[in-house]
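Below is my_file20.pdb, holding PDB, C-alpha atoms.
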ATOM      1  CA  MET A   1       0.000   0.000   0.000
ATOM      2  CA  ASP A   2       2.890   2.313   0.688
ATOM      3  CA  ALA A   3       4.142   1.816  -2.794
ATOM      4  CA  LEU A   4       0.737   2.668  -4.166
ATOM      5  CA  LYS A   5       0.544   5.820  -2.020
ATOM      6  CA  LYS A   6       4.056   6.768  -3.034
ATOM      7  CA  GLY A   7       3.209   6.214  -6.710
ATOM      8  CA  LEU A   8       0.017   8.246  -6.469
ATOM      9  CA  SER A   9       1.851  10.981  -4.597
ATOM     10  CA  MET A  10       4.473  11.131  -7.328
ATOM     11  CA  ALA A  11       1.760  11.236  -9.958
ATOM     12  CA  LYS A  12       0.020  14.019  -8.056
ATOM     13  CA  GLU A  13       3.264  16.003  -7.858
ATOM     14  CA  GLY A  14       3.743  15.497 -11.579
ATOM     15  CA  VAL A  15       0.226  16.714 -12.327
ATOM     16  CA  VAL A  16       0.716  19.741 -10.044
ATOM     17  CA  ALA A  17       4.052  20.507 -11.713
ATOM     18  CA  ALA A  18       2.474  20.176 -15.170
ATOM     19  CA  ALA A  19      -0.446  22.361 -14.124
ATOM     20  CA  GLU A  20       1.920  25.011 -12.783
ATOM     21  CA  LYS A  21       3.945  24.922 -15.970
ATOM     22  CA  THR A  22       0.761  25.070 -18.008
ATOM     23  CA  LYS A  23      -0.454  28.013 -15.928
ATOM     24  CA  ALA A  24       2.903  29.767 -16.397
ATOM     25  CA  GLY A  25       2.773  28.984 -20.115
ATOM     26  CA  VAL A  26      -0.751  30.334 -20.437
ATOM     27  CA  GLU A  27       0.192  33.461 -18.480
ATOM     28  CA  GLU A  28       3.243  33.975 -20.684
ATOM     29  CA  ALA A  29       1.163  33.438 -23.808
ATOM     30  CA  ALA A  30      -1.454  35.884 -22.534
ATOM     31  CA  ALA A  31       1.230  38.480 -21.792
ATOM     32  CA  LYS A  32       2.734  38.047 -25.273
ATOM     33  CA  THR A  33      -0.720  38.255 -26.858
ATOM     34  CA  LYS A  34      -1.490  41.426 -24.918
ATOM     35  CA  GLU A  35       1.849  42.895 -25.949
ATOM     36  CA  GLY A  36       1.165  42.000 -29.584
ATOM     37  CA  VAL A  37      -2.320  43.495 -29.503
ATOM     38  CA  PHE A  38      -0.974  46.750 -28.050
ATOM     39  CA  TYR A  39       1.776  46.842 -30.689
ATOM     40  CA  VAL A  40      -0.715  46.318 -33.530
ATOM     41  CA  GLY A  41      -3.065  48.888 -31.994
ATOM     42  CA  ASN A  42      -0.303  51.470 -31.741
ATOM     43  CA  LYS A  43       0.867  50.839 -35.300
ATOM     44  CA  THR A  44      -2.704  51.048 -36.563
ATOM     45  CA  MET A  45      -3.243  54.301 -34.684
ATOM     46  CA  GLU A  46       0.015  55.703 -36.130
ATOM     47  CA  GLY A  47      -1.113  54.649 -39.591
ATOM     48  CA  VAL A  48      -4.501  56.302 -39.155
ATOM     49  CA  VAL A  49      -2.900  59.521 -37.914
ATOM     50  CA  THR A  50      -0.456  59.466 -40.838
ATOM     51  CA  GLY A  51      -3.300  58.813 -43.261
ATOM     52  CA  VAL A  52      -5.407  61.640 -41.853
ATOM     53  CA  ASN A  53      -2.446  64.022 -42.009
ATOM     54  CA  THR A  54      -1.736  62.998 -45.612
ATOM     55  CA  VAL A  55      -5.353  63.565 -46.628
ATOM     56  CA  ALA A  56      -5.394  66.946 -44.859
ATOM     57  CA  GLN A  57      -2.165  67.984 -46.601
ATOM     58  CA  LYS A  58      -3.454  66.919 -50.031
ATOM     59  CA  THR A  59      -6.737  68.751 -49.432
ATOM     60  CA  ASN A  60      -4.830  71.886 -48.476
ATOM     61  CA  GLU A  61      -2.672  71.620 -51.609
ATOM     62  CA  GLN A  62      -5.746  71.185 -53.823
ATOM     63  CA  ALA A  63      -7.461  74.165 -52.185
ATOM     64  CA  ASN A  64      -4.366  76.287 -52.856
ATOM     65  CA  ILE A  65      -4.312  75.177 -56.497
ATOM     66  CA  ALA A  66      -8.005  76.001 -56.877
ATOM     67  CA  ALA A  67      -7.516  79.410 -55.237
ATOM     68  CA  ASP A  68      -4.526  80.188 -57.476
ATOM     69  CA  SER A  69      -6.562  79.220 -60.548
ATOM     70  CA  ALA A  70      -9.472  81.391 -59.440
ATOM     71  CA  ILE A  71      -7.184  84.374 -58.836
ATOM     72  CA  SER A  72      -5.498  83.876 -62.205
ATOM     73  CA  GLY A  73      -8.874  83.685 -63.936
ATOM     74  CA  ALA A  74     -10.118  86.782 -62.134
ATOM     75  CA  ASN A  75      -6.984  88.682 -63.152
ATOM     76  CA  GLU A  76      -7.492  87.688 -66.792
ATOM     77  CA  VAL A  77     -11.139  88.783 -66.685
ATOM     78  CA  ALA A  78     -10.170  92.076 -65.043
ATOM     79  CA  GLN A  79      -7.471  92.749 -67.660
ATOM     80  CA  ALA A  80      -9.884  91.953 -70.501
ATOM     81  CA  THR A  81     -12.438  94.305 -68.923
ATOM     82  CA  VAL A  82      -9.903  97.118 -68.658
ATOM     83  CA  ASP A  83      -8.858  96.560 -72.272
ATOM     84  CA  GLY A  84     -12.491  96.622 -73.364
ATOM     85  CA  VAL A  85     -13.209  99.838 -71.475
ATOM     86  CA  GLU A  86     -10.110 101.482 -72.984
ATOM     87  CA  ASN A  87     -11.186 100.453 -76.477
ATOM     88  CA  ALA A  88     -14.731 101.670 -75.891
ATOM     89  CA  ALA A  89     -13.464 105.008 -74.582
ATOM     90  CA  LEU A  90     -11.216 105.421 -77.614
ATOM     91  CA  ALA A  91     -13.880 104.297 -80.066
ATOM     92  CA  SER A  92     -16.456 106.686 -78.673
ATOM     93  CA  GLY A  93     -14.003 109.568 -78.756
ATOM     94  CA  PHE A  94     -14.298 110.009 -75.005
ATOM     95  CA  VAL A  95     -10.514 109.680 -74.785
ATOM     96  CA  SER A  96      -8.031 110.589 -77.510
ATOM     97  CA  ARG A  97      -5.285 108.227 -78.559
ATOM     98  CA  GLU A  98      -2.672 110.561 -77.114
ATOM     99  CA  GLU A  99      -4.447 110.486 -73.732
ATOM    100  CA  ALA A 100      -4.713 106.702 -73.824
ATOM    101  CA  GLY A 101      -0.948 106.340 -73.953
ATOM    102  CA  PRO A 102       1.416 104.035 -75.773
ATOM    103  CA  GLY A 103      -0.274 100.814 -74.602
ATOM    104  CA  VAL A 104      -3.102 101.104 -77.109
ATOM    105  CA  GLU A 105      -2.342  99.503 -80.453
ATOM    106  CA  GLU A 106      -3.774 100.779 -83.698
ATOM    107  CA  ALA A 107      -5.233  97.323 -84.249
ATOM    108  CA  ASP A 108      -7.263  97.742 -81.062
ATOM    109  CA  LEU A 109      -9.089 100.786 -82.426
ATOM    110  CA  PRO A 110     -12.324 100.199 -84.333
ATOM    111  CA  LYS A 111     -12.426 101.285 -87.988
ATOM    112  CA  THR A 112     -14.998 103.667 -89.393
ATOM    113  CA  GLU A 113     -16.959 102.884 -92.510
ATOM    114  CA  ALA A 114     -14.528 104.915 -94.599
ATOM    115  CA  GLY A 115     -11.648 102.749 -93.335
ATOM    116  CA  GLY A 116      -9.916 105.337 -91.127
ATOM    117  CA  GLU A 117      -9.433 105.185 -87.398
ATOM    118  CA  GLN A 118     -12.153 106.729 -85.307
ATOM    119  CA  THR A 119     -10.152 108.620 -82.697
ATOM    120  CA  GLU A 120     -11.853 111.995 -82.513
ATOM    121  CA  GLN A 121     -15.440 113.101 -82.339
ATOM    122  CA  VAL A 122     -16.682 115.265 -85.123
ATOM    123  CA  ALA A 123     -17.411 118.709 -83.695
ATOM    124  CA  GLN A 124     -20.745 120.062 -84.810
TER
END

Turn the structure described in the file into structure tokens.
Amino acid sequence: MDALKKGLSMAKEGVVAAAEKTKAGVEEAAAKTKEGVFYVGNKTMEGVVTGVNTVAQKTNEQANIAADSAISGANEVAQATVDGVENAALASGFVSREEAGPGVEEADLPKTEAGGEQTEQVAQ
């Protein structure tokens, strides 16, 4: 009977030792899993922040391009308007060619029916 008790006691110690090692193994595995989850979470968060910053930067760049295009277009429209007003003033005789300055080309002036330039009003 002593041999049986001794054998069962040894078996019990073996089971306890295995259980303790299993418990330690599970705890270690859980710690590693937790560590891995935190690592992935941090990398994902960094990636999201980087992605958001990239999108914000690209949006800002596109807004600047659109604003530059709008300003350029507005400047072209304004210049065309000024040119048109100058031509209308010259054509109507409101301003003489000498007053308009050297920037006005002869080609910009409208022609009269007789083919000459219309730069002065006829005094009546």

*Could you jot down the atom CA of A:Asp83 to atom CA of A:Glu99 separation for me, Å, one decimal place?*
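Atom-to-atom, atom CA of A:Asp83 and atom CA of A:Glu99 are spaced 14.7 Å apart.
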
_For atom CA of A:Asn53 and atom CA of A:Lys34, the interatomic separation in Å (one decimal)_ =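 So the two atoms, atom CA of A:Asn53 and atom CA of A:Lys34, lie 28.3 Å apart.
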
*One-decimal distance in Å that lies between atom CA of A:Gly47 and atom CA of A:Asn60*: 19.7 Å

For stretch 38-47 of chain A, what centre and edge lengths in Å (one decimal) does the axis-aligned box get once 3 Å is added on each side of all its listed atoms, as JSON?
{"center_x": -0.7, "center_y": 51.0, "center_z": -33.8, "size_x": 11.0, "size_y": 15.4, "size_z": 17.5}

Working from the structure I just supplied, which lacks atoms in stretch 70-81 of chain A, can you model all heavy atoms there and output them as a short mmCIF file (atom, residue, chain, number, x, y, z; two decimals), in the frame of the given file?
data_model
loop_
_atom_site.label_atom_id
_atom_site.label_comp_id
_atom_site.auth_asym_id
_atom_site.auth_seq_id
_atom_site.Cartn_x
_atom_site.Cartn_y
_atom_site.Cartn_z
N ALA A 70 -8.40 80.40 -59.50
CA ALA A 70 -9.47 81.39 -59.44
C ALA A 70 -8.90 82.81 -59.52
O ALA A 70 -9.44 83.67 -60.22
CB ALA A 70 -10.28 81.22 -58.16
N ILE A 71 -7.81 83.04 -58.82
CA ILE A 71 -7.18 84.37 -58.84
C ILE A 71 -6.66 84.68 -60.23
O ILE A 71 -6.84 85.77 -60.76
CB ILE A 71 -6.07 84.45 -57.78
CG1 ILE A 71 -6.69 84.47 -56.39
CG2 ILE A 71 -5.19 85.68 -57.99
CD1 ILE A 71 -5.69 84.30 -55.27
N SER A 72 -6.02 83.69 -60.85
CA SER A 72 -5.50 83.88 -62.20
C SER A 72 -6.63 84.19 -63.17
O SER A 72 -6.53 85.10 -64.00
CB SER A 72 -4.75 82.61 -62.64
OG SER A 72 -4.34 82.73 -63.97
N GLY A 73 -7.72 83.44 -63.07
CA GLY A 73 -8.87 83.68 -63.94
C GLY A 73 -9.48 85.06 -63.71
O GLY A 73 -9.83 85.77 -64.66
N ALA A 74 -9.57 85.47 -62.46
CA ALA A 74 -10.12 86.78 -62.13
C ALA A 74 -9.22 87.88 -62.69
O ALA A 74 -9.71 88.90 -63.21
CB ALA A 74 -10.28 86.93 -60.62
N ASN A 75 -7.91 87.69 -62.60
CA ASN A 75 -6.98 88.68 -63.15
C ASN A 75 -7.13 88.80 -64.67
O ASN A 75 -7.11 89.90 -65.22
CB ASN A 75 -5.53 88.33 -62.79
CG ASN A 75 -5.23 88.59 -61.33
OD1 ASN A 75 -5.92 89.35 -60.67
ND2 ASN A 75 -4.18 87.97 -60.82
N GLU A 76 -7.30 87.67 -65.35
CA GLU A 76 -7.49 87.69 -66.79
C GLU A 76 -8.79 88.40 -67.16
O GLU A 76 -8.82 89.21 -68.10
CB GLU A 76 -7.49 86.27 -67.35
CG GLU A 76 -6.13 85.61 -67.33
CD GLU A 76 -6.16 84.16 -67.78
OE1 GLU A 76 -7.18 83.72 -68.36
OE2 GLU A 76 -5.16 83.46 -67.56
N VAL A 77 -9.86 88.12 -66.42
CA VAL A 77 -11.14 88.78 -66.68
C VAL A 77 -11.02 90.28 -66.44
O VAL A 77 -11.50 91.10 -67.23
CB VAL A 77 -12.26 88.16 -65.82
CG1 VAL A 77 -13.51 89.01 -65.84
CG2 VAL A 77 -12.56 86.75 -66.29
N ALA A 78 -10.34 90.66 -65.35
CA ALA A 78 -10.17 92.08 -65.04
C ALA A 78 -9.36 92.78 -66.13
O ALA A 78 -9.71 93.89 -66.56
CB ALA A 78 -9.48 92.23 -63.69
N GLN A 79 -8.29 92.15 -66.61
CA GLN A 79 -7.47 92.75 -67.66
C GLN A 79 -8.27 92.90 -68.95
O GLN A 79 -8.20 93.93 -69.61
CB GLN A 79 -6.21 91.91 -67.92
CG GLN A 79 -5.27 92.55 -68.92
CD GLN A 79 -4.77 93.91 -68.49
OE1 GLN A 79 -4.38 94.10 -67.34
NE2 GLN A 79 -4.80 94.87 -69.40
N ALA A 80 -9.06 91.88 -69.30
CA ALA A 80 -9.88 91.95 -70.50
C ALA A 80 -10.92 93.07 -70.36
O ALA A 80 -11.21 93.79 -71.33
CB ALA A 80 -10.57 90.62 -70.75
N THR A 81 -11.46 93.24 -69.17
CA THR A 81 -12.44 94.30 -68.92
C THR A 81 -11.80 95.67 -69.10
O THR A 81 -12.36 96.56 -69.74
CB THR A 81 -13.04 94.16 -67.51
OG1 THR A 81 -13.63 92.88 -67.40
CG2 THR A 81 -14.07 95.23 -67.24
#
